[in-house]
file upload33.txt (compact mmCIF, C-alpha atoms)
# COMPACT_ATOMS: atom_id res chain seq x y z
CA MET R 294 51.80 66.15 20.89
CA SER R 295 55.42 65.43 21.27
CA LYS R 296 57.40 66.66 18.45
CA PHE R 297 60.58 65.03 19.42
CA LYS R 298 60.84 61.38 18.94
CA LYS R 299 63.03 59.48 21.20
CA LYS R 300 66.11 58.19 19.64
CA LYS R 301 65.95 54.51 19.36
CA GLY R 302 69.45 53.69 20.31
CA GLY R 303 70.86 50.28 20.88
CA ASP R 304 71.99 51.23 24.41
CA LEU R 305 71.06 49.12 27.34
CA PRO R 306 68.65 50.89 29.63
CA ALA R 307 70.28 52.00 32.86
CA ILE R 308 69.80 49.59 35.70
CA SER R 309 67.39 50.99 38.18
CA THR R 310 69.07 51.73 41.46
CA ALA R 311 65.80 52.51 43.14
CA SER R 312 65.88 49.29 45.14
CA LEU R 313 69.39 49.87 46.37
CA PRO R 314 68.21 51.89 49.39
CA ASP R 315 65.91 49.05 50.31
CA ILE R 316 68.79 46.63 50.39
CA VAL R 317 70.94 49.00 52.36
CA PHE R 318 68.12 49.74 54.77
CA MET R 319 67.68 46.03 55.33
CA LEU R 320 71.33 45.75 56.29
CA LEU R 321 71.02 48.87 58.37
CA PHE R 322 68.12 47.49 60.36
CA PHE R 323 69.99 44.27 60.94
CA PHE R 324 72.93 46.08 62.43
CA MET R 325 70.73 48.45 64.39
CA VAL R 326 69.00 45.52 66.00
CA ALA R 327 72.18 43.54 66.60
CA THR R 328 74.10 46.51 67.93
CA VAL R 329 74.98 46.95 71.52
CA MET R 330 76.60 50.28 71.98
CA ARG R 331 79.81 50.11 73.89
CA GLU R 332 79.08 51.79 77.14
CA THR R 333 82.57 51.97 78.43
CA SER R 334 85.85 52.46 76.75
CA LEU R 335 88.41 50.13 78.16
CA LYS R 336 91.32 51.61 79.97
CA VAL R 337 92.74 48.29 81.02
CA GLU R 338 94.13 45.40 79.06
CA ASN R 339 91.46 42.81 78.71
CA ASN R 340 92.64 39.49 77.39
CA LEU R 341 90.06 37.16 78.80
CA PRO R 342 91.16 33.66 79.73
CA ALA R 343 89.72 30.72 77.83
CA ALA R 344 87.35 28.09 79.16
CA ASP R 345 85.23 25.41 77.55
CA GLN R 346 82.55 24.73 80.17
CA VAL R 347 80.97 28.11 79.58
CA GLU R 348 77.36 29.12 79.90
CA LYS R 349 75.84 32.02 78.05
CA LEU R 350 75.40 35.11 80.12
CA ASP R 351 71.68 35.50 80.48
CA LYS R 352 70.69 38.80 78.86
CA LYS R 353 67.26 38.70 80.46
CA ASN R 354 68.80 39.54 83.78
CA PRO R 355 70.59 42.79 84.49
CA ILE R 356 74.36 42.66 84.29
CA SER R 357 76.99 44.89 85.79
CA TYR R 358 80.51 44.73 84.50
CA ILE R 359 83.69 45.00 86.49
CA TYR R 360 86.88 45.18 84.50
CA ALA R 361 90.31 44.53 85.87
CA GLY R 362 93.74 44.35 84.38
CA LYS R 363 96.90 46.30 83.77
CA PRO R 364 96.37 49.85 82.50
CA SER R 365 96.56 49.74 78.72
CA SER R 366 99.30 51.44 76.74
CA ASN R 367 97.57 54.85 76.68
CA TYR R 368 97.24 54.93 80.42
CA LYS R 369 100.72 53.91 81.45
CA SER R 370 100.86 56.82 83.86
CA PHE R 371 98.60 54.84 86.16
CA GLY R 372 101.34 52.33 86.71
CA SER R 373 101.81 48.75 85.63
CA GLU R 374 99.98 47.17 88.53
CA ALA R 375 96.57 45.68 87.72
CA ARG R 376 93.71 48.07 88.37
CA ILE R 377 89.95 47.90 88.55
CA GLN R 378 87.84 49.80 86.07
CA LEU R 379 84.26 50.67 86.90
CA ASN R 380 82.25 52.43 84.21
CA ASP R 381 84.76 54.80 82.64
CA LYS R 382 87.12 55.32 85.50
CA PHE R 383 89.89 53.55 87.28
CA ALA R 384 88.69 52.63 90.70
CA ASP R 385 89.81 51.24 93.96
CA VAL R 386 88.62 48.07 95.65
CA ARG R 387 86.77 50.29 98.14
CA ASP R 388 84.61 51.70 95.34
CA VAL R 389 83.13 48.35 94.37
CA GLN R 390 80.40 48.40 96.98
CA ALA R 391 79.32 51.89 96.02
CA TYR R 392 79.30 50.87 92.37
CA ILE R 393 77.05 47.89 93.06
CA ALA R 394 74.74 50.08 95.11
CA ALA R 395 74.54 52.58 92.25
CA GLU R 396 73.85 49.82 89.74
CA ARG R 397 71.12 48.47 91.96
CA ALA R 398 69.55 51.89 92.37
CA ALA R 399 69.29 52.20 88.60
CA LEU R 400 67.30 48.99 88.32
CA ARG R 401 63.65 48.28 88.68
CA GLU R 402 63.06 46.89 92.12
CA GLU R 403 61.90 43.45 91.05
CA LEU R 404 65.06 42.92 89.04
CA VAL R 405 67.50 43.73 91.83
CA PRO R 406 67.89 40.18 93.15
CA PHE R 407 68.76 38.97 89.63
CA LEU R 408 71.68 41.31 89.14
CA THR R 409 74.66 39.39 87.85
CA VAL R 410 78.13 40.82 88.14
CA ALA R 411 80.33 39.91 85.20
CA LEU R 412 84.00 39.95 86.04
CA LYS R 413 86.02 40.74 82.96
CA VAL R 414 89.48 40.18 84.23
CA ASP R 415 92.67 40.07 82.23
CA SER R 416 94.32 36.68 82.32
CA GLU R 417 97.60 38.15 83.59
CA THR R 418 95.99 39.56 86.71
CA ASN R 419 96.89 38.17 90.10
CA MET R 420 94.25 36.39 92.14
CA GLY R 421 94.81 38.79 95.02
CA LEU R 422 92.95 41.58 93.25
CA VAL R 423 90.22 39.23 92.05
CA SER R 424 89.59 37.86 95.51
CA ASP R 425 89.53 41.39 96.93
CA ILE R 426 86.78 42.19 94.43
CA LYS R 427 84.95 39.02 95.34
CA GLN R 428 85.18 39.87 99.01
CA GLU R 429 83.70 43.31 98.34
CA LEU R 430 80.92 41.73 96.30
CA ARG R 431 80.15 39.42 99.18
CA LYS R 432 79.95 42.42 101.48
CA ALA R 433 77.63 44.14 99.01
CA ASN R 434 75.63 40.92 98.88
CA ALA R 435 75.99 40.66 95.09
CA LEU R 436 76.52 36.94 95.02
CA LYS R 437 75.69 36.03 91.44
CA ILE R 438 78.89 36.39 89.50
CA ASN R 439 80.15 35.34 86.14
CA TYR R 440 83.77 34.98 85.20
CA THR R 441 83.56 36.14 81.62
CA THR R 442 85.80 34.07 79.40
CA ARG R 443 86.57 33.37 75.81
CA LYS R 444 85.42 30.07 74.42
CA GLY R 445 88.40 27.86 73.92
CA ASP R 446 90.61 25.24 75.41
CA ALA R 447 91.38 26.29 78.96
CA LEU R 448 94.64 24.39 79.12
CA ALA R 449 96.07 25.39 75.76
CA GLY R 450 97.46 28.77 76.71
CA LEU R 451 99.07 27.75 79.98
CA LYS R 452 102.70 26.81 80.39
CA MET O 167 47.63 70.13 27.21
CA ALA O 168 48.10 66.72 28.81
CA LYS O 169 48.12 66.53 32.53
CA ARG O 170 51.62 66.83 33.75
CA SER O 171 52.65 64.15 36.20
CA ALA O 172 54.48 65.17 39.34
CA PRO O 173 58.20 65.17 38.83
CA GLU O 174 59.83 62.11 40.28
CA VAL O 175 61.95 62.70 43.31
CA ASN O 176 65.47 61.67 42.72
CA ALA O 177 66.07 58.74 45.00
CA GLY O 178 69.66 58.32 44.02
CA SER O 179 71.05 59.96 47.13
CA MET O 180 68.89 57.87 49.40
CA ALA O 181 71.42 55.09 49.11
CA ASP O 182 74.17 57.43 50.24
CA ILE O 183 72.27 58.40 53.35
CA ALA O 184 71.49 54.81 54.15
CA PHE O 185 75.10 53.82 53.61
CA LEU O 186 76.22 56.53 55.93
CA LEU O 187 73.96 55.21 58.66
CA LEU O 188 74.99 51.65 57.88
CA ILE O 189 78.65 52.44 58.22
CA PHE O 190 78.02 54.23 61.48
CA PHE O 191 76.29 51.20 62.94
CA LEU O 192 78.89 48.84 61.51
CA VAL O 193 81.60 50.74 63.29
CA THR O 194 79.83 51.06 66.61
CA THR O 195 78.63 47.47 66.66
CA THR O 196 80.11 45.01 69.05
CA ILE O 197 78.04 41.89 68.71
CA GLU O 198 78.12 40.74 72.28
CA LEU O 199 79.15 37.17 72.78
CA ASP O 200 79.57 37.19 76.48
CA SER O 201 79.79 33.82 78.03
CA GLY O 202 81.57 32.54 81.02
CA LEU O 203 81.57 30.50 84.15
CA ASN O 204 78.62 31.26 86.39
CA ARG O 205 79.36 31.00 90.07
CA LYS O 206 77.68 31.93 93.27
CA LEU O 207 79.60 33.51 96.09
CA PRO O 208 78.86 32.37 99.61
CA PRO O 209 77.11 34.96 101.73
CA ILE O 210 79.01 36.37 104.66
CA GLU O 211 77.72 34.52 107.65
CA GLU O 212 78.94 34.10 111.12
CA THR O 213 78.00 30.47 111.35
CA GLU O 214 80.28 27.74 112.50
CA PRO O 215 81.56 25.69 109.62
CA PRO O 216 80.15 22.18 109.73
CA ILE O 217 82.47 19.39 110.66
CA ILE O 218 83.45 17.43 107.60
CA LYS O 219 85.37 14.23 107.41
CA GLU O 220 88.73 14.74 105.84
CA LYS O 221 88.16 11.98 103.34
CA ASN O 222 85.24 13.91 101.86
CA ILE O 223 87.34 16.93 100.98
CA PHE O 224 89.27 17.35 97.79
CA GLN O 225 91.71 19.99 98.87
CA LEU O 226 93.32 21.93 96.09
CA GLN O 227 95.92 24.59 96.55
CA VAL O 228 97.35 26.75 93.83
CA ASN O 229 100.62 28.41 94.73
CA SER O 230 102.20 31.58 93.44
CA GLY O 231 104.04 29.58 90.79
CA ASN O 232 100.71 28.35 89.41
CA GLN O 233 101.38 24.79 90.58
CA LEU O 234 98.60 22.64 91.92
CA PHE O 235 98.90 20.79 95.17
CA LEU O 236 96.24 18.20 95.90
CA LYS O 237 95.43 16.68 99.24
CA THR O 238 92.74 14.04 99.30
CA GLY O 239 92.06 10.60 100.70
CA GLY O 240 95.29 10.47 102.66
CA ASP O 241 97.22 11.27 99.53
CA GLU O 242 99.25 14.42 98.95
CA ARG O 243 100.73 15.18 95.59
CA ILE O 244 101.37 17.78 92.95
CA VAL O 245 98.96 17.41 90.04
CA GLU O 246 99.20 18.68 86.52
CA LEU O 247 96.32 20.77 85.29
CA LYS O 248 95.58 18.24 82.57
CA ASP O 249 95.15 15.45 85.13
CA LEU O 250 92.94 17.51 87.40
CA ARG O 251 89.66 16.74 85.66
CA GLN O 252 90.15 12.99 85.94
CA ALA O 253 91.31 13.29 89.55
CA ALA O 254 88.20 15.29 90.43
CA ILE O 255 85.93 12.80 88.66
CA ASP O 256 87.60 9.91 90.50
CA PHE O 257 87.12 11.70 93.79
CA LEU O 258 83.47 12.62 93.24
CA ASP O 259 82.58 9.28 91.77
CA ASN O 260 84.38 7.22 94.39
CA GLY O 261 81.39 6.09 96.45
CA GLY O 262 83.26 4.77 99.45
CA GLY O 263 80.35 5.27 101.84
CA GLN O 264 78.86 2.49 103.94
CA GLY O 265 75.32 2.00 105.23
CA PRO O 266 73.23 5.18 104.95
CA ASP O 267 76.05 7.00 103.17
CA ALA O 268 76.40 4.34 100.48
CA CYS O 269 76.30 5.70 96.95
CA ALA O 270 74.15 3.63 94.61
CA ARG O 271 75.11 5.52 91.49
CA CYS O 272 78.83 5.99 91.92
CA GLN O 273 80.97 3.92 89.63
CA GLY O 274 84.31 4.64 91.23
CA LYS O 275 86.81 2.51 93.06
CA LYS O 276 84.96 2.58 96.39
CA ASN O 277 88.15 3.54 98.17
CA PRO O 278 87.24 3.87 101.88
CA ASN O 279 89.72 6.74 102.21
CA SER O 280 88.00 8.87 99.59
CA SER O 281 84.57 10.48 99.30
CA ASP O 282 81.38 8.77 100.51
CA ASN O 283 78.93 9.93 97.87
CA PHE O 284 78.09 12.82 95.54
CA ASP O 285 76.30 14.71 98.26
CA LYS O 286 79.12 14.47 100.80
CA ALA O 287 82.00 15.20 98.46
CA ILE O 288 83.33 18.71 98.70
CA ILE O 289 85.93 20.32 96.51
CA SER O 290 87.87 23.09 98.17
CA LEU O 291 90.15 25.49 96.37
CA GLN O 292 92.67 27.81 97.87
CA SER O 293 94.66 30.13 95.72
CA ASN O 294 97.58 32.36 96.47
CA ARG O 295 97.36 36.10 96.00
CA ALA O 296 100.05 35.83 93.36
CA THR O 297 98.32 33.08 91.40
CA LYS O 298 97.58 34.11 87.84
CA TYR O 299 93.94 34.56 86.97
CA ASP O 300 94.11 32.32 83.91
CA THR O 301 95.36 29.40 85.98
CA TYR O 302 92.56 29.98 88.42
CA ILE O 303 89.99 30.00 85.62
CA ALA O 304 91.50 26.82 84.17
CA VAL O 305 91.16 25.11 87.55
CA GLN O 306 87.57 26.29 87.90
CA ASN O 307 86.91 25.11 84.39
CA GLU O 308 88.28 21.65 85.07
CA ILE O 309 86.25 21.28 88.24
CA ILE O 310 83.06 22.36 86.50
CA ALA O 311 83.95 19.94 83.72
CA ALA O 312 84.20 17.10 86.24
CA TYR O 313 80.76 17.94 87.63
CA ASN O 314 79.33 18.26 84.15
CA PHE O 315 80.78 14.90 83.15
CA LEU O 316 79.05 13.17 86.04
CA ARG O 317 75.83 15.10 85.57
CA ASN O 318 75.77 14.16 81.92
CA ARG O 319 76.33 10.53 82.75
CA GLU O 320 73.60 10.43 85.37
CA PHE O 321 71.20 12.38 83.18
CA LYS O 322 71.63 9.85 80.40
CA ARG O 323 71.19 7.00 82.81
CA GLU O 324 68.10 8.52 84.41
CA TYR O 325 66.46 9.55 81.17
CA PRO O 326 67.75 7.26 78.43
CA ASN O 327 64.76 8.12 76.24
CA ALA O 328 65.40 11.85 76.26
CA GLY O 329 68.31 11.41 73.86
CA ILE O 330 70.14 14.40 75.31
CA ASP O 331 72.58 14.98 78.11
CA PHE O 332 72.57 17.46 80.98
CA ILE O 333 74.34 20.26 79.13
CA GLU O 334 72.06 19.86 76.14
CA ALA O 335 69.00 19.88 78.38
CA ASP O 336 70.21 22.96 80.19
CA LYS O 337 70.80 24.74 76.90
CA ARG O 338 67.35 23.81 75.71
CA TYR O 339 65.84 24.96 78.97
CA ASN O 340 67.44 28.38 78.59
CA ASP O 341 66.48 28.67 74.93
CA PRO O 342 63.61 31.14 74.56
CA ARG O 343 62.23 29.13 71.65
CA THR O 344 61.47 26.13 73.84
CA SER O 345 57.79 25.83 74.65
CA ASP O 346 56.60 26.25 78.22
CA SER O 347 55.36 22.70 78.55
CA GLU O 348 58.72 21.30 77.49
CA LYS O 349 60.52 23.70 79.81
CA GLU O 350 58.46 22.41 82.70
CA LYS O 351 59.52 18.86 81.95
CA LEU O 352 63.16 19.80 81.48
CA LYS O 353 63.20 21.80 84.68
CA GLU O 354 62.03 18.81 86.65
CA LYS O 355 64.73 16.62 85.16
CA LEU O 356 67.47 19.18 85.60
CA GLU O 357 66.58 19.83 89.20
CA LYS O 358 66.61 16.15 89.98
CA ILE O 359 70.11 15.75 88.61
CA GLN O 360 71.29 18.92 90.30
CA LEU O 361 69.98 17.59 93.58
CA LEU O 362 71.64 14.26 92.96
CA ILE O 363 75.03 15.77 92.16
CA PRO O 364 75.23 19.12 93.91
CA GLN O 365 78.18 21.34 93.17
CA LYS O 366 79.75 21.57 96.56
CA PHE O 367 82.64 23.78 95.86
CA SER O 368 84.17 25.97 98.48
CA GLU O 369 86.81 28.63 98.11
CA ALA O 370 89.05 29.58 100.92
CA GLU O 371 90.51 33.06 101.16
CA PRO O 372 93.79 33.25 99.37
CA LYS O 373 97.02 32.99 101.21
CA THR O 374 99.30 35.97 101.34
CA SER O 375 102.48 34.10 102.12
CA ASN O 376 105.00 33.51 99.41
CA ASN O 377 104.93 29.75 99.34
call {"tool": "encode", "arguments": {"input": "upload33.txt", "output": "structure tokens"}}
result
Amino acid sequence: MSKFKKKKGGDLPAISTASLPDIVFMLLFFFMVATVMRETSLKVENNLPAADQVEKLDKKNPISYIYAGKPSSNYKSFGSEARIQLNDKFADVRDVQAYIAAERAALREELVPFLTVALKVDSETNMGLVSDIKQELRKANALKINYTTRKGDALAGLK
Amino acid sequence: MAKRSAPEVNAGSMADIAFLLLIFFLVTTTIELDSGLNRKLPPIEETEPPIIKEKNIFQLQVNSGNQLFLKTGGDERIVELKDLRQAAIDFLDNGGGQGPDACARCQGKKNPNSSDNFDKAIISLQSNRATKYDTYIAVQNEIIAAYNFLRNREFKREYPNAGIDFIEADKRYNDPRTSDSEKEKLKEKLEKIQLLIPQKFSEAEPKTSNN
């Protein structure tokens, strides 16, 4: 019943973009699955030292993170001495035990013995602070630790 | 009149929405690649430390200037970080024990002033409060490397048909794709080597003095 005939032009038909969302969704799902939201924003410098005998940190077990390092450029008012960061706040060595207790309380009971504490410590930090943390962890009986490092030659950056 | 088909929904903006989400996730993504050196801290106990022969201890001290001082087998010297791995391997692999302490697998020099066997050998590390963390990690790394070297060697010797070494076996054991039956076999092998070459590594509390 159409009265109007289509013009038979020589134009190329427009490429259908209907499948574009599918492609984008595919990418989207990939990133959604691969994403780990950053839970904490770093307030300390965090240049991890390098090591080559590393093991992957087992994601099956619960992990708590302890950051340490000099306050980063935005937080210079906290001084230039290396500090500990727990969750989103600067903390003192005394707070470590409470932090571990809180982390444990948030876990299912059967997972508590598997809690690993990952120490993300800036390579410029002095061992004094690190061993204070370790001493607190021993007191809190959190004995599984992991010195988080970059993968690389451990000796390259030194001296 | 012909039946009118439902008007097609314009899906052109769907891509925009999806892109928006995509960009959001792209920005917030940090693909975690955490890896590091796994260690176990000693529990706080009030037990008497066991008496250990001096020759079985590989005493390492790191001072505030990040220098390494090594005391072992009646020998005291400053070592470079790059020589530490070999020194630790030599110490662990020495096999100077006699009689019941004899080490059948050690391939070292059998120096009577150095360690008896894998089981007796202890590496002790003392750092200074002013030691830099990266030096400390490098030392830890080298010591783990020495243990891994020996474990690899003994794994290959014990299981020449496996075609893998200790590290490889450990990786495969931790891989979720490995079947349960294979895991069982690997676990047995790994535990045997771990028992054969235990990581006896002790850390003393750091010194506060300025030496």
call {"tool": "residues_around", "arguments": {"input": "upload33.txt", "residues": "region 232-244 of chain O", "least_positions_apart": "2", "cutoff": "6 Å", "atoms": "all atoms listed in the file", "output": "CSV table (one decimal) with C-alpha atoms, in the coordinates of the input"}}
result
chain,number,residue,atom,x,y,z
O,221,LYS,CA,88.2,12.0,103.3
O,224,PHE,CA,89.3,17.4,97.8
O,225,GLN,CA,91.7,20.0,98.9
O,226,LEU,CA,93.3,21.9,96.1
O,227,GLN,CA,95.9,24.6,96.6
O,228,VAL,CA,97.4,26.8,93.8
O,229,ASN,CA,100.6,28.4,94.7
O,230,SER,CA,102.2,31.6,93.4
O,279,ASN,CA,89.7,6.7,102.2
O,280,SER,CA,88.0,8.9,99.6
O,297,THR,CA,98.3,33.1,91.4
call {"tool": "residues_around", "arguments": {"input": "upload33.txt", "residues": "Ala181 (chain O)", "least_positions_apart": "4", "cutoff": "7 Å", "atoms": "all atoms listed in the file", "output": "VMD selection string"}}
result
(chain R and resid 313 to 314 317) or (chain O and resid 185)
call {"tool": "write_last_selection", "arguments": {"input": "upload33.txt", "atoms": "C-alpha atoms", "output": "mmCIF file, in the frame of the given file"}}
result
data_model
loop_
_atom_site.group_PDB
_atom_site.id
_atom_site.type_symbol
_atom_site.label_atom_id
_atom_site.label_comp_id
_atom_site.auth_asym_id
_atom_site.auth_seq_id
_atom_site.Cartn_x
_atom_site.Cartn_y
_atom_site.Cartn_z
ATOM 1 C CA LEU R 313 69.390 49.870 46.370
ATOM 2 C CA PRO R 314 68.210 51.890 49.390
ATOM 3 C CA VAL R 317 70.940 49.000 52.360
ATOM 4 C CA PHE O 185 75.100 53.820 53.610
#
call {"tool": "residues_around", "arguments": {"input": "upload33.txt", "residues": "Tyr299 (chain O)", "least_positions_apart": "6", "cutoff": "9 Å", "atoms": "only C-alpha atoms", "output": "number ranges by chain"}}
result
R: 342, 414-420, 423
call {"tool": "closest_atom_pairs", "arguments": {"input": "upload33.txt", "of": "chain R", "to": "chain O", "cutoff": "7 Å", "atoms": "all atoms listed in the file", "output": "Markdown table"}}
result
| residue | atom | partner | partner_atom | distance |
| --- | --- | --- | --- | --- |
| R:Ala311 | CA | O:Ala177 | CA | 6.5 |
| R:Leu313 | CA | O:Ala181 | CA | 6.2 |
| R:Pro314 | CA | O:Ala181 | CA | 4.5 |
| R:Val317 | CA | O:Ala184 | CA | 6.1 |
| R:Phe318 | CA | O:Ala184 | CA | 6.1 |
| R:Leu321 | CA | O:Leu188 | CA | 4.9 |
| R:Phe324 | CA | O:Phe191 | CA | 6.1 |
| R:Met325 | CA | O:Phe191 | CA | 6.4 |
| R:Ala327 | CA | O:Ile197 | CA | 6.4 |
| R:Thr328 | CA | O:Thr195 | CA | 4.8 |
| R:Val329 | CA | O:Thr196 | CA | 6.0 |
| R:Met330 | CA | O:Thr194 | CA | 6.3 |
| R:Pro342 | CA | O:Asp300 | CA | 5.3 |
| R:Ala344 | CA | O:Asn307 | CA | 6.0 |
| R:Gln346 | CA | O:Asn307 | CA | 6.1 |
| R:Val347 | CA | O:Gly202 | CA | 4.7 |
| R:Glu348 | CA | O:Gly202 | CA | 5.5 |
| R:Lys349 | CA | O:Ser201 | CA | 4.3 |
| R:Leu350 | CA | O:Ser201 | CA | 5.0 |
| R:Ser416 | CA | O:Asp300 | CA | 4.6 |
| R:Glu417 | CA | O:Lys298 | CA | 5.9 |
| R:Thr418 | CA | O:Tyr299 | CA | 5.4 |
| R:Asn419 | CA | O:Lys298 | CA | 4.7 |
| R:Met420 | CA | O:Arg295 | CA | 5.0 |
| R:Gly421 | CA | O:Arg295 | CA | 3.8 |
| R:Arg431 | CA | O:Pro209 | CA | 6.0 |
| R:Lys432 | CA | O:Ile210 | CA | 6.9 |
| R:Asn434 | CA | O:Pro209 | CA | 6.8 |
| R:Leu436 | CA | O:Leu207 | CA | 4.7 |
| R:Lys437 | CA | O:Lys206 | CA | 4.9 |
| R:Ile438 | CA | O:Arg205 | CA | 5.4 |
| R:Asn439 | CA | O:Asn204 | CA | 4.4 |
| R:Tyr440 | CA | O:Leu203 | CA | 5.1 |
| R:Thr441 | CA | O:Gly202 | CA | 4.2 |
| R:Thr442 | CA | O:Gly202 | CA | 4.8 |
| R:Ala447 | CA | O:Ala304 | CA | 5.2 |
| R:Leu448 | CA | O:Ala304 | CA | 6.4 |
call {"tool": "residues_around", "arguments": {"input": "upload33.txt", "residues": "Phe407 (chain R)", "least_positions_apart": "6", "cutoff": "10 Å", "atoms": "all atoms listed in the file", "output": "MDAnalysis selection string"}}
result
chainID R and resid 353:356 435:437
call {"tool": "build_atoms", "arguments": {"input": "upload33.txt", "residues": "region 354-377 of chain R", "atoms": "N, CA and C atoms", "output": "PDB file, in the frame of the given file"}}
result
ATOM      1  N   ASN R 354      68.533  38.970  82.465  1.00  0.00           N
ATOM      2  CA  ASN R 354      68.800  39.540  83.780  1.00  0.00           C
ATOM      3  C   ASN R 354      69.767  40.708  83.656  1.00  0.00           C
ATOM      4  N   PRO R 355      69.669  41.653  84.565  1.00  0.00           N
ATOM      5  CA  PRO R 355      70.590  42.790  84.490  1.00  0.00           C
ATOM      6  C   PRO R 355      72.026  42.370  84.803  1.00  0.00           C
ATOM      7  N   ILE R 356      72.950  43.004  84.118  1.00  0.00           N
ATOM      8  CA  ILE R 356      74.360  42.660  84.290  1.00  0.00           C
ATOM      9  C   ILE R 356      75.154  43.920  84.588  1.00  0.00           C
ATOM     10  N   SER R 357      76.030  43.828  85.555  1.00  0.00           N
ATOM     11  CA  SER R 357      76.990  44.890  85.790  1.00  0.00           C
ATOM     12  C   SER R 357      78.374  44.354  85.475  1.00  0.00           C
ATOM     13  N   TYR R 358      79.182  45.193  84.882  1.00  0.00           N
ATOM     14  CA  TYR R 358      80.510  44.730  84.500  1.00  0.00           C
ATOM     15  C   TYR R 358      81.574  45.335  85.400  1.00  0.00           C
ATOM     16  N   ILE R 359      82.507  44.504  85.776  1.00  0.00           N
ATOM     17  CA  ILE R 359      83.690  45.000  86.490  1.00  0.00           C
ATOM     18  C   ILE R 359      84.901  44.552  85.681  1.00  0.00           C
ATOM     19  N   TYR R 360      85.686  45.514  85.269  1.00  0.00           N
ATOM     20  CA  TYR R 360      86.880  45.180  84.500  1.00  0.00           C
ATOM     21  C   TYR R 360      88.091  45.263  85.411  1.00  0.00           C
ATOM     22  N   ALA R 361      89.057  44.421  85.130  1.00  0.00           N
ATOM     23  CA  ALA R 361      90.310  44.530  85.870  1.00  0.00           C
ATOM     24  C   ALA R 361      91.450  44.091  84.967  1.00  0.00           C
ATOM     25  N   GLY R 362      92.576  44.704  85.177  1.00  0.00           N
ATOM     26  CA  GLY R 362      93.740  44.350  84.380  1.00  0.00           C
ATOM     27  C   GLY R 362      94.771  45.467  84.477  1.00  0.00           C
ATOM     28  N   LYS R 363      95.878  45.259  83.790  1.00  0.00           N
ATOM     29  CA  LYS R 363      96.900  46.300  83.770  1.00  0.00           C
ATOM     30  C   LYS R 363      96.397  47.483  82.946  1.00  0.00           C
ATOM     31  N   PRO R 364      96.737  48.698  83.337  1.00  0.00           N
ATOM     32  CA  PRO R 364      96.370  49.850  82.500  1.00  0.00           C
ATOM     33  C   PRO R 364      96.932  49.670  81.087  1.00  0.00           C
ATOM     34  N   SER R 365      96.111  49.973  80.089  1.00  0.00           N
ATOM     35  CA  SER R 365      96.560  49.740  78.720  1.00  0.00           C
ATOM     36  C   SER R 365      97.545  50.825  78.306  1.00  0.00           C
ATOM     37  N   SER R 366      98.128  50.645  77.124  1.00  0.00           N
ATOM     38  CA  SER R 366      99.300  51.440  76.740  1.00  0.00           C
ATOM     39  C   SER R 366      99.071  52.955  76.836  1.00  0.00           C
ATOM     40  N   ASN R 367      97.822  53.416  76.610  1.00  0.00           N
ATOM     41  CA  ASN R 367      97.570  54.850  76.680  1.00  0.00           C
ATOM     42  C   ASN R 367      97.536  55.383  78.102  1.00  0.00           C
ATOM     43  N   TYR R 368      97.420  54.491  79.038  1.00  0.00           N
ATOM     44  CA  TYR R 368      97.240  54.930  80.420  1.00  0.00           C
ATOM     45  C   TYR R 368      98.387  54.440  81.310  1.00  0.00           C
ATOM     46  N   LYS R 369      99.558  54.427  80.724  1.00  0.00           N
ATOM     47  CA  LYS R 369     100.720  53.910  81.450  1.00  0.00           C
ATOM     48  C   LYS R 369     101.033  54.711  82.701  1.00  0.00           C
ATOM     49  N   SER R 370     100.558  55.972  82.708  1.00  0.00           N
ATOM     50  CA  SER R 370     100.860  56.820  83.860  1.00  0.00           C
ATOM     51  C   SER R 370     100.200  56.307  85.130  1.00  0.00           C
ATOM     52  N   PHE R 371      99.239  55.401  84.977  1.00  0.00           N
ATOM     53  CA  PHE R 371      98.600  54.840  86.160  1.00  0.00           C
ATOM     54  C   PHE R 371      99.360  53.661  86.731  1.00  0.00           C
ATOM     55  N   GLY R 372     100.517  53.402  86.174  1.00  0.00           N
ATOM     56  CA  GLY R 372     101.340  52.330  86.710  1.00  0.00           C
ATOM     57  C   GLY R 372     101.146  51.037  85.950  1.00  0.00           C
ATOM     58  N   SER R 373     101.895  50.025  86.332  1.00  0.00           N
ATOM     59  CA  SER R 373     101.810  48.750  85.630  1.00  0.00           C
ATOM     60  C   SER R 373     101.129  47.697  86.481  1.00  0.00           C
ATOM     61  N   GLU R 374     100.684  48.113  87.652  1.00  0.00           N
ATOM     62  CA  GLU R 374      99.980  47.170  88.530  1.00  0.00           C
ATOM     63  C   GLU R 374      98.531  47.067  88.055  1.00  0.00           C
ATOM     64  N   ALA R 375      97.943  45.877  88.182  1.00  0.00           N
ATOM     65  CA  ALA R 375      96.570  45.680  87.720  1.00  0.00           C
ATOM     66  C   ALA R 375      95.612  46.573  88.498  1.00  0.00           C
ATOM     67  N   ARG R 376      94.675  47.152  87.759  1.00  0.00           N
ATOM     68  CA  ARG R 376      93.710  48.070  88.370  1.00  0.00           C
ATOM     69  C   ARG R 376      92.299  47.618  88.054  1.00  0.00           C
ATOM     70  N   ILE R 377      91.367  48.169  88.805  1.00  0.00           N
ATOM     71  CA  ILE R 377      89.950  47.900  88.550  1.00  0.00           C
ATOM     72  C   ILE R 377      89.393  49.060  87.751  1.00  0.00           C
TER      73      ILE R 377
END
